[in-house]
Amino acid sequence: MKKHLLAVTLGLAALAALAACNPKPKKVPSPPPLSAAALSAHVKTLASDAFEGRSPGTPGEMKTIEYLTTQFRTAGLEPGAGDSYLQAVPLVETSVTNAPALSITGPGAAQSLVFAKDWVGFSNQALAAQAWAELPLVFVGYGVTAPERGWNDYAKANIRGKIAVILINDPDFETSEGLEGPFGGKAMSYFGRWTYKLEEAARQGAAGALIIHETLPAAYGWSVVTSSWSVPQFAIAEDVAPRLPIQGWISGESANAMLARAGLTYAGLKKAAQKKGFVARPLGLRASTQLAIATRQINSYNVAAVIRGETRPDEAVIYSAHWDHLGRCPPVDGDDICNGALDNASGTAGLIELARAFKAQGPQQRSVMFLAVTAEEKGLLGSAYYAAHPLFAPGKTVANINMDGMPIHGPSRDIVIVGAGKNEVEDVAVRLAGIQGRTLSPDPFPERGHYYRSDQFSFAKIGIPALFVGAGLDLVEGGTARGKALEDAFVENSYHKPSDQWSENLDFAGAAQDGQLLFDIGRELADTAVWPAWHDDAEFKAARDATR
Ligand SMILES: [Zn+2]
């Protein structure tokens, strides 16, 4: 009791001192908690058939951005992109129209690889045709340039004008038992993703790249590669980064046959590539192909709304969620609309309700931006465009808090931080989750590299400490057994399928609980002068250091 009184007395003295140097101490009203019913109502609308699965460039997009704009405006938020809520994101859709063979020449008879069976390839340079004419193939191991980890597969590669042949995943995926190693062992790192490999090959000046498929390190089978790469591909219309004229994958089987002609084995090359000091190796083979390409321009939009900070309006916390989903998709039981209720009407709903909650409690020291991005499902394109055209300077952006799938099975006793161990925003999340009475569970699927597969990755790449909280599986009702069963059932039956749709059986109490946590994190970051940092071994620390 005495101790308590003393604390109150000291507290009053401190307040008085504060009042003396700060003319108007602000009493911050606590906003009402996030409402499960409100979240559910937004999801019901956004994931309704009228929105046709919210595919970029369709009438479903017009409805979605109109809905978001209206919600932000009526909540009283300012436009985030100049005097508009919309940031135009010009996209280009490219289709390979001629099913081109890939011909490999060198020792022995020419090898002809069949498109969508033995190899797939495309170009996101929006030209009518692209070709490789007898270009030399160079094996570059994992295709990783990471001097800070003592690794450079391109050190002596001499790759300019040639084709890089690259392994999937990263050098310590198979050599480490756990999560130890320069690339996080079994966990997938940035350097293990195919997107990184293609971007790096382009930065190195290659004329093309072929990634060798292998199911375990890729985390999916060859059929996933062929089905997702033989349909139209999307890209940002302008060149925001170097691009390869042609990029693609080759099946493990075809790679084995190809390497055998060079007198090499896949296993032998892989072993060499896993060793520090690996040197890229010309294969003595050449590749030729000709792509005929059809292109279509698409105008799409990110939606941005902002609450300006009172004392440091140029500094911002950014909440993000992708508004898009797959649109029309292969029918299941006669239903051909992939409504994307969880993915990601739920995150979009969270964005709207967070905006309302922040508005209800009044401005803070820093600005808070609410950014609904387009074309995540096409390769994180809306957020990548934002990263190339940021509305707050990256060095002045305190953190990104991304939402991609809010819980739909009720509250949980735990939280999951996807790709945990990267930055100090996570520490804030864990501490505030503790106040909610929740604990941190490890990422159940570190090998899947989910951190690199949604929009937080685009923010991380430009150095902004980014947080992605996944759904906890230890449900208040039914515990981990029920949580895991529901998660597995969703992945099996509904992920990217027409049955990911709103129903009154979805329980948004967990989304409200996570939303509350995300609100608390952003509120704390927006009302301090603290700059959460990347840990020293995080892939994105160098990018942050370059901006601050
Ligand atoms: Zn998603």
# chains A, B, ... in the order shown; residues from 1 in each chain; ligands from 1

call {"tool": "residues_near_ligand", "arguments": {"ligand": "ligand 1", "cutoff": "10 Å", "atoms": "only C-alpha atoms and all ligand atoms", "output": "VMD selection string"}}
result
chain A and resid 321 to 326 340 to 347 375 to 377 380 403 to 405 453 to 455 495 to 496

call {"tool": "residues_around", "arguments": {"residues": "Thr195 of chain A", "least_positions_apart": "6", "cutoff": "12 Å", "atoms": "only C-alpha atoms", "output": "ChimeraX atom specification"}}
result
/A:143-144,166,168-169,189,201-202,209-211,218,243-244,247-249,379-380,449,452-453,457-458

call {"tool": "write_last_selection", "arguments": {"atoms": "N, CA and C atoms", "output": "compact mmCIF listing (two decimals), in the first residue's frame"}}
result
# COMPACT_ATOMS: atom_id res chain seq x y z
N GLY A 143 23.45 -19.23 -56.47
CA GLY A 143 23.23 -17.89 -57.04
C GLY A 143 23.13 -16.80 -55.98
N VAL A 144 23.95 -16.93 -54.93
CA VAL A 144 23.85 -16.03 -53.78
C VAL A 144 25.03 -15.06 -53.74
N ILE A 166 20.91 -22.35 -61.69
CA ILE A 166 20.89 -22.06 -60.24
C ILE A 166 20.14 -23.14 -59.46
N ILE A 168 17.84 -24.30 -56.19
CA ILE A 168 16.81 -23.69 -55.33
C ILE A 168 17.22 -23.85 -53.87
N ASN A 169 16.67 -22.96 -53.01
CA ASN A 169 16.98 -22.87 -51.57
C ASN A 169 18.39 -22.32 -51.35
N SER A 189 15.85 -18.73 -46.14
CA SER A 189 16.23 -17.32 -46.04
C SER A 189 15.84 -16.62 -47.34
N ALA A 201 20.55 -12.62 -60.49
CA ALA A 201 21.13 -12.94 -61.81
C ALA A 201 21.02 -11.72 -62.73
N ALA A 202 19.88 -11.02 -62.64
CA ALA A 202 19.70 -9.82 -63.46
C ALA A 202 20.69 -8.73 -63.04
N ALA A 209 18.27 -16.93 -66.82
CA ALA A 209 18.52 -17.83 -65.70
C ALA A 209 17.58 -19.01 -65.78
N LEU A 210 18.09 -20.16 -65.36
CA LEU A 210 17.27 -21.36 -65.24
C LEU A 210 17.48 -21.90 -63.83
N ILE A 211 16.39 -22.05 -63.09
CA ILE A 211 16.47 -22.63 -61.75
C ILE A 211 16.18 -24.12 -61.88
N ALA A 218 12.54 -26.88 -52.72
CA ALA A 218 11.62 -25.87 -53.27
C ALA A 218 10.39 -25.76 -52.39
N ARG A 243 15.97 -6.49 -65.13
CA ARG A 243 15.16 -7.68 -65.44
C ARG A 243 15.87 -8.56 -66.44
N LEU A 244 15.70 -9.85 -66.28
CA LEU A 244 16.28 -10.80 -67.22
C LEU A 244 15.41 -10.85 -68.48
N GLN A 247 13.62 -15.87 -68.15
CA GLN A 247 13.92 -16.58 -66.91
C GLN A 247 12.99 -17.78 -66.81
N GLY A 248 13.46 -18.83 -66.14
CA GLY A 248 12.60 -20.00 -66.06
C GLY A 248 13.12 -21.07 -65.13
N TRP A 249 12.46 -22.21 -65.19
CA TRP A 249 12.81 -23.38 -64.39
C TRP A 249 13.03 -24.56 -65.32
N GLY A 379 2.66 -11.64 -57.28
CA GLY A 379 4.09 -11.54 -56.98
C GLY A 379 4.46 -10.31 -56.17
N LEU A 380 3.62 -9.94 -55.21
CA LEU A 380 3.89 -8.80 -54.30
C LEU A 380 4.08 -7.50 -55.08
N GLY A 449 9.43 -20.37 -45.67
CA GLY A 449 9.85 -18.99 -45.99
C GLY A 449 8.69 -18.02 -46.17
N TYR A 452 8.97 -14.21 -46.77
CA TYR A 452 9.36 -13.67 -48.08
C TYR A 452 8.23 -13.79 -49.09
N ARG A 453 7.05 -14.19 -48.62
CA ARG A 453 5.96 -14.50 -49.54
C ARG A 453 4.73 -13.63 -49.34
N PHE A 457 7.69 -8.39 -46.97
CA PHE A 457 8.99 -8.59 -47.62
C PHE A 457 9.39 -7.37 -48.46
N SER A 458 8.41 -6.77 -49.16
CA SER A 458 8.73 -5.59 -49.97
C SER A 458 9.23 -4.44 -49.11

call {"tool": "residues_around", "arguments": {"residues": "Trp222 of chain A", "least_positions_apart": "2", "cutoff": "12 Å", "atoms": "only C-alpha atoms", "output": "short mmCIF file (atom, residue, chain, number, x, y, z; two decimals) with N, CA and C atoms, in the first residue's frame"}}
result
data_model
loop_
_atom_site.label_atom_id
_atom_site.label_comp_id
_atom_site.auth_asym_id
_atom_site.auth_seq_id
_atom_site.Cartn_x
_atom_site.Cartn_y
_atom_site.Cartn_z
N ALA A 116 6.48 -26.46 -70.51
CA ALA A 116 5.47 -26.83 -69.52
C ALA A 116 5.55 -28.30 -69.13
N LYS A 117 6.51 -29.04 -69.73
CA LYS A 117 6.72 -30.41 -69.29
C LYS A 117 8.13 -30.54 -68.70
N ASP A 118 9.14 -30.14 -69.50
CA ASP A 118 10.54 -30.24 -69.05
C ASP A 118 11.08 -28.91 -68.55
N TRP A 119 10.49 -27.84 -69.04
CA TRP A 119 10.95 -26.51 -68.61
C TRP A 119 9.81 -25.52 -68.75
N VAL A 120 9.92 -24.39 -68.06
CA VAL A 120 9.01 -23.27 -68.26
C VAL A 120 9.85 -22.01 -68.30
N ILE A 211 16.39 -22.05 -63.09
CA ILE A 211 16.47 -22.63 -61.75
C ILE A 211 16.18 -24.12 -61.88
N ILE A 212 17.03 -24.95 -61.28
CA ILE A 212 16.81 -26.39 -61.30
C ILE A 212 15.82 -26.75 -60.20
N HIS A 213 14.72 -27.42 -60.58
CA HIS A 213 13.72 -27.77 -59.57
C HIS A 213 14.11 -29.02 -58.80
N GLU A 214 13.86 -28.99 -57.49
CA GLU A 214 13.96 -30.18 -56.65
C GLU A 214 12.87 -30.01 -55.59
N THR A 215 12.04 -31.03 -55.39
CA THR A 215 10.82 -30.86 -54.60
C THR A 215 11.08 -30.43 -53.16
N LEU A 216 11.96 -31.12 -52.46
CA LEU A 216 12.13 -30.84 -51.03
C LEU A 216 12.62 -29.42 -50.76
N PRO A 217 13.74 -29.02 -51.36
CA PRO A 217 14.20 -27.65 -51.08
C PRO A 217 13.30 -26.56 -51.66
N ALA A 218 12.54 -26.88 -52.72
CA ALA A 218 11.62 -25.87 -53.27
C ALA A 218 10.39 -25.76 -52.39
N ALA A 219 10.05 -26.85 -51.67
CA ALA A 219 8.85 -26.94 -50.83
C ALA A 219 7.59 -27.16 -51.64
N TYR A 220 7.73 -27.41 -52.96
CA TYR A 220 6.56 -27.81 -53.75
C TYR A 220 7.02 -28.59 -54.97
N VAL A 224 3.51 -27.75 -59.54
CA VAL A 224 3.19 -26.40 -59.07
C VAL A 224 3.94 -25.37 -59.92
N VAL A 225 5.19 -25.69 -60.25
CA VAL A 225 5.98 -24.78 -61.09
C VAL A 225 5.34 -24.66 -62.47
N THR A 226 5.03 -25.80 -63.09
CA THR A 226 4.50 -25.73 -64.46
C THR A 226 3.13 -25.05 -64.50
N SER A 227 2.27 -25.34 -63.48
CA SER A 227 0.93 -24.75 -63.54
C SER A 227 0.99 -23.25 -63.26
N SER A 228 1.88 -22.82 -62.38
CA SER A 228 1.87 -21.38 -62.09
C SER A 228 2.68 -20.57 -63.10
N TRP A 229 3.56 -21.23 -63.86
CA TRP A 229 4.38 -20.48 -64.83
C TRP A 229 3.89 -20.62 -66.27
N TRP A 249 12.46 -22.21 -65.19
CA TRP A 249 12.81 -23.38 -64.39
C TRP A 249 13.03 -24.56 -65.32
N ILE A 250 13.84 -25.49 -64.88
CA ILE A 250 14.02 -26.74 -65.61
C ILE A 250 13.79 -27.87 -64.61
N SER A 251 13.15 -28.94 -65.06
CA SER A 251 12.82 -30.03 -64.14
C SER A 251 14.09 -30.74 -63.70
N GLY A 252 14.06 -31.38 -62.53
CA GLY A 252 15.22 -32.10 -62.02
C GLY A 252 15.66 -33.17 -63.00
N GLU A 253 14.68 -33.84 -63.59
CA GLU A 253 14.98 -34.92 -64.55
C GLU A 253 15.75 -34.38 -65.77
N SER A 254 15.25 -33.28 -66.32
CA SER A 254 15.92 -32.69 -67.49
C SER A 254 17.31 -32.18 -67.12
#

call {"tool": "closest_residue", "arguments": {"among": "A:Pro411, A:Gly192, A:Pro245, A:Gly362", "to": "Gly121 of chain A", "atoms": "only C-alpha atoms"}}
result
A:Pro245

call {"tool": "closest_residue", "arguments": {"among": "A:Leu135, A:Ala543, A:Ile318, A:Ala355", "to": "Leu391 of chain A", "atoms": "only C-alpha atoms"}}
result
A:Ile318

call {"tool": "atom_distance", "arguments": {"atom1": "atom CA of Ile435 of chain A", "atom2": "atom CA of Pro33 of chain A"}}
result
14.8 Å

call {"tool": "residues_around", "arguments": {"residues": "segment 67-82 of chain A", "least_positions_apart": "5", "cutoff": "7 Å", "atoms": "only C-alpha atoms", "output": "PyMOL selection string"}}
result
chain A and resi 87+304-307+352+356+391

call {"tool": "select_by_dssp", "arguments": {"residues": "segment 6-143 of chain A", "states": "strand (DSSP E or B)", "output": "tab-separated table (two decimals) with N, CA and C atoms, in the first residue's frame"}}
result
chain	number	residue	atom	x	y	z
A	78	GLU	N	-7.14	11.23	-43.86
A	78	GLU	CA	-6.70	12.01	-45.02
A	78	GLU	C	-6.25	11.08	-46.14
A	79	PRO	N	-6.32	11.56	-47.39
A	79	PRO	CA	-5.72	10.80	-48.49
A	79	PRO	C	-4.22	10.63	-48.25
A	81	ALA	N	-1.94	9.56	-50.74
A	81	ALA	CA	-1.12	9.73	-51.94
A	81	ALA	C	-1.40	11.12	-52.52
A	84	SER	N	-5.04	12.32	-53.18
A	84	SER	CA	-5.85	11.15	-53.56
A	84	SER	C	-5.62	10.00	-52.58
A	86	LEU	N	-5.65	7.10	-53.88
A	86	LEU	CA	-5.20	6.05	-54.80
A	86	LEU	C	-3.78	6.31	-55.31
A	87	GLN	N	-2.94	5.31	-55.23
A	87	GLN	CA	-1.63	5.34	-55.87
A	87	GLN	C	-1.71	4.43	-57.09
A	88	ALA	N	-1.62	5.01	-58.29
A	88	ALA	CA	-1.73	4.20	-59.50
A	88	ALA	C	-0.54	3.24	-59.59
A	89	VAL	N	-0.83	1.98	-59.94
A	89	VAL	CA	0.21	0.95	-60.08
A	89	VAL	C	0.06	0.33	-61.47
A	90	PRO	N	0.74	0.90	-62.49
A	90	PRO	CA	0.59	0.33	-63.84
A	90	PRO	C	1.27	-1.04	-63.91
A	91	LEU	N	0.50	-2.02	-64.36
A	91	LEU	CA	1.00	-3.40	-64.46
A	91	LEU	C	0.98	-3.84	-65.92
A	92	VAL	N	1.77	-4.84	-66.21
A	92	VAL	CA	1.72	-5.42	-67.54
A	92	VAL	C	1.56	-6.93	-67.39
A	93	GLU	N	0.64	-7.47	-68.18
A	93	GLU	CA	0.42	-8.92	-68.18
A	93	GLU	C	1.10	-9.48	-69.41
A	94	THR	N	1.95	-10.49	-69.25
A	94	THR	CA	2.60	-11.09	-70.41
A	94	THR	C	2.25	-12.58	-70.48
A	95	SER	N	2.02	-13.05	-71.70
A	95	SER	CA	1.75	-14.47	-71.92
A	95	SER	C	2.70	-14.98	-72.99
A	96	VAL	N	3.28	-16.13	-72.75
A	96	VAL	CA	4.07	-16.80	-73.79
A	96	VAL	C	3.08	-17.57	-74.65
A	102	LEU	N	13.16	-25.62	-75.49
A	102	LEU	CA	14.48	-25.14	-75.07
A	102	LEU	C	15.49	-26.15	-75.59
A	103	SER	N	16.40	-25.67	-76.43
A	103	SER	CA	17.36	-26.58	-77.04
A	103	SER	C	18.72	-26.42	-76.36
A	104	ILE	N	19.29	-27.55	-75.92
A	104	ILE	CA	20.61	-27.54	-75.27
A	104	ILE	C	21.59	-28.23	-76.21
A	105	THR	N	22.64	-27.51	-76.58
A	105	THR	CA	23.65	-28.10	-77.47
A	105	THR	C	24.99	-28.12	-76.76
A	111	GLN	N	19.62	-31.61	-77.08
A	111	GLN	CA	18.54	-32.02	-76.18
A	111	GLN	C	17.43	-30.99	-76.37
A	112	SER	N	16.19	-31.46	-76.60
A	112	SER	CA	15.09	-30.53	-76.81
A	112	SER	C	14.09	-30.66	-75.67
A	113	LEU	N	13.97	-29.62	-74.86
A	113	LEU	CA	13.09	-29.67	-73.70
A	113	LEU	C	11.72	-29.09	-74.05
A	115	PHE	N	8.15	-27.36	-73.50
A	115	PHE	CA	7.61	-26.30	-72.65
A	115	PHE	C	6.47	-26.84	-71.77
A	119	TRP	N	10.49	-27.84	-69.04
A	119	TRP	CA	10.95	-26.51	-68.61
A	119	TRP	C	9.81	-25.52	-68.75
A	120	VAL	N	9.92	-24.39	-68.06
A	120	VAL	CA	9.01	-23.27	-68.26
A	120	VAL	C	9.85	-22.01	-68.30
A	121	GLY	N	9.39	-21.01	-69.02
A	121	GLY	CA	10.13	-19.76	-69.07
A	121	GLY	C	9.22	-18.63	-69.45
A	122	PHE	N	9.56	-17.43	-69.02
A	122	PHE	CA	8.83	-16.26	-69.48
A	122	PHE	C	9.73	-15.05	-69.37
A	129	ALA	N	8.87	-10.33	-78.45
A	129	ALA	CA	9.64	-11.58	-78.61
A	129	ALA	C	10.93	-11.48	-77.81
A	130	GLN	N	11.43	-12.63	-77.39
A	130	GLN	CA	12.72	-12.70	-76.71
A	130	GLN	C	13.38	-14.00	-77.15
A	131	ALA	N	14.71	-13.99	-77.24
A	131	ALA	CA	15.38	-15.22	-77.67
A	131	ALA	C	16.71	-15.39	-76.97
A	132	TRP	N	17.10	-16.65	-76.80
A	132	TRP	CA	18.47	-17.00	-76.48
A	132	TRP	C	19.01	-17.69	-77.73
A	133	ALA	N	20.15	-17.26	-78.24
A	133	ALA	CA	20.74	-17.92	-79.41
A	133	ALA	C	22.09	-18.49	-78.99
A	134	GLU	N	22.09	-19.78	-78.72
A	134	GLU	CA	23.34	-20.49	-78.39
A	134	GLU	C	24.13	-19.78	-77.28
A	135	LEU	N	23.44	-19.44	-76.19
A	135	LEU	CA	24.13	-18.75	-75.09
A	135	LEU	C	24.74	-19.78	-74.13
A	136	PRO	N	25.97	-19.52	-73.65
A	136	PRO	CA	26.63	-20.47	-72.75
A	136	PRO	C	25.92	-20.58	-71.40
A	137	LEU	N	25.87	-21.80	-70.86
A	137	LEU	CA	25.28	-22.04	-69.54
A	137	LEU	C	26.40	-22.07	-68.50
A	138	VAL	N	26.19	-21.36	-67.39
A	138	VAL	CA	27.17	-21.35	-66.30
A	138	VAL	C	26.47	-21.76	-65.01
A	139	PHE	N	26.98	-22.80	-64.36
A	139	PHE	CA	26.42	-23.22	-63.08
A	139	PHE	C	26.93	-22.29	-61.98

call {"tool": "residues_around", "arguments": {"residues": "Ala272 of chain A", "least_positions_apart": "2", "cutoff": "12 Å", "atoms": "only C-alpha atoms", "output": "list in words"}}
result
Phe139, Val140, Gly141, Tyr142, Asp153, Leu167, Pro171, Thr175, Leu264, Thr265, Tyr266, Ala267, Gly268, Leu269, Lys270, Gln274, Lys275, Lys276, Gly277, Phe278, Val279, Ala280 and Arg281 of chain A

call {"tool": "atom_distance", "arguments": {"atom1": "atom CA of Asn124 of chain A", "atom2": "atom CA of Thr97 of chain A"}}
result
13.7 Å
